[in-house]
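Accompanying notes for the structure given below.
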Amino acid sequence: VDLCRASLAGYKKPRKVFFLNELPKNPSGKILKRVLRENLAGKPA
């Protein structure tokens with residue numbers, strides 16, 4: 001996050017950062033973005 005703060009413009013800096021052990025994937029290995037959004041909705045950063 002400090003690297004982003006030093007090198008990116010204000011509008012490009014991430015507002016939240018989440019660390020996960022693994023991402024939800026479908027059988028072909030693609031990331032399930034919808035499931036990820038649902039799981040992270042309402043969780044504090």
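Ligands are numbered from 1 in the order shown, chains are lettered A, B, ... in the order of the structure tokens, and residues start at 1 in each chain.
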
task = Considering only C-alpha atoms, return as a PyMOL selection string whatever protein or nucleic-acid residues lie within 12 Å of Lys13 in chain A, sequence-local ones (same chain, fewer than 4 positions apart) excluded.
result = chain A and resi 1-9+17

Quiz item: So which residues touch Lys25 in chain A within 10 Å, counting only C-alpha atoms, skipping near sequence neighbours fewer than 6 positions away, as a count of residues only?
Solution: 5

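Taking only chain A, the residues that DSSP calls alpha helix (DSSP H) from the backbone come to Asp2, Leu3, Cys4, Arg5, Ala6, Ser7, Lys33, Arg34, Val35, Leu36, Arg37, Glu38, Asn39 and Leu40 of chain A.
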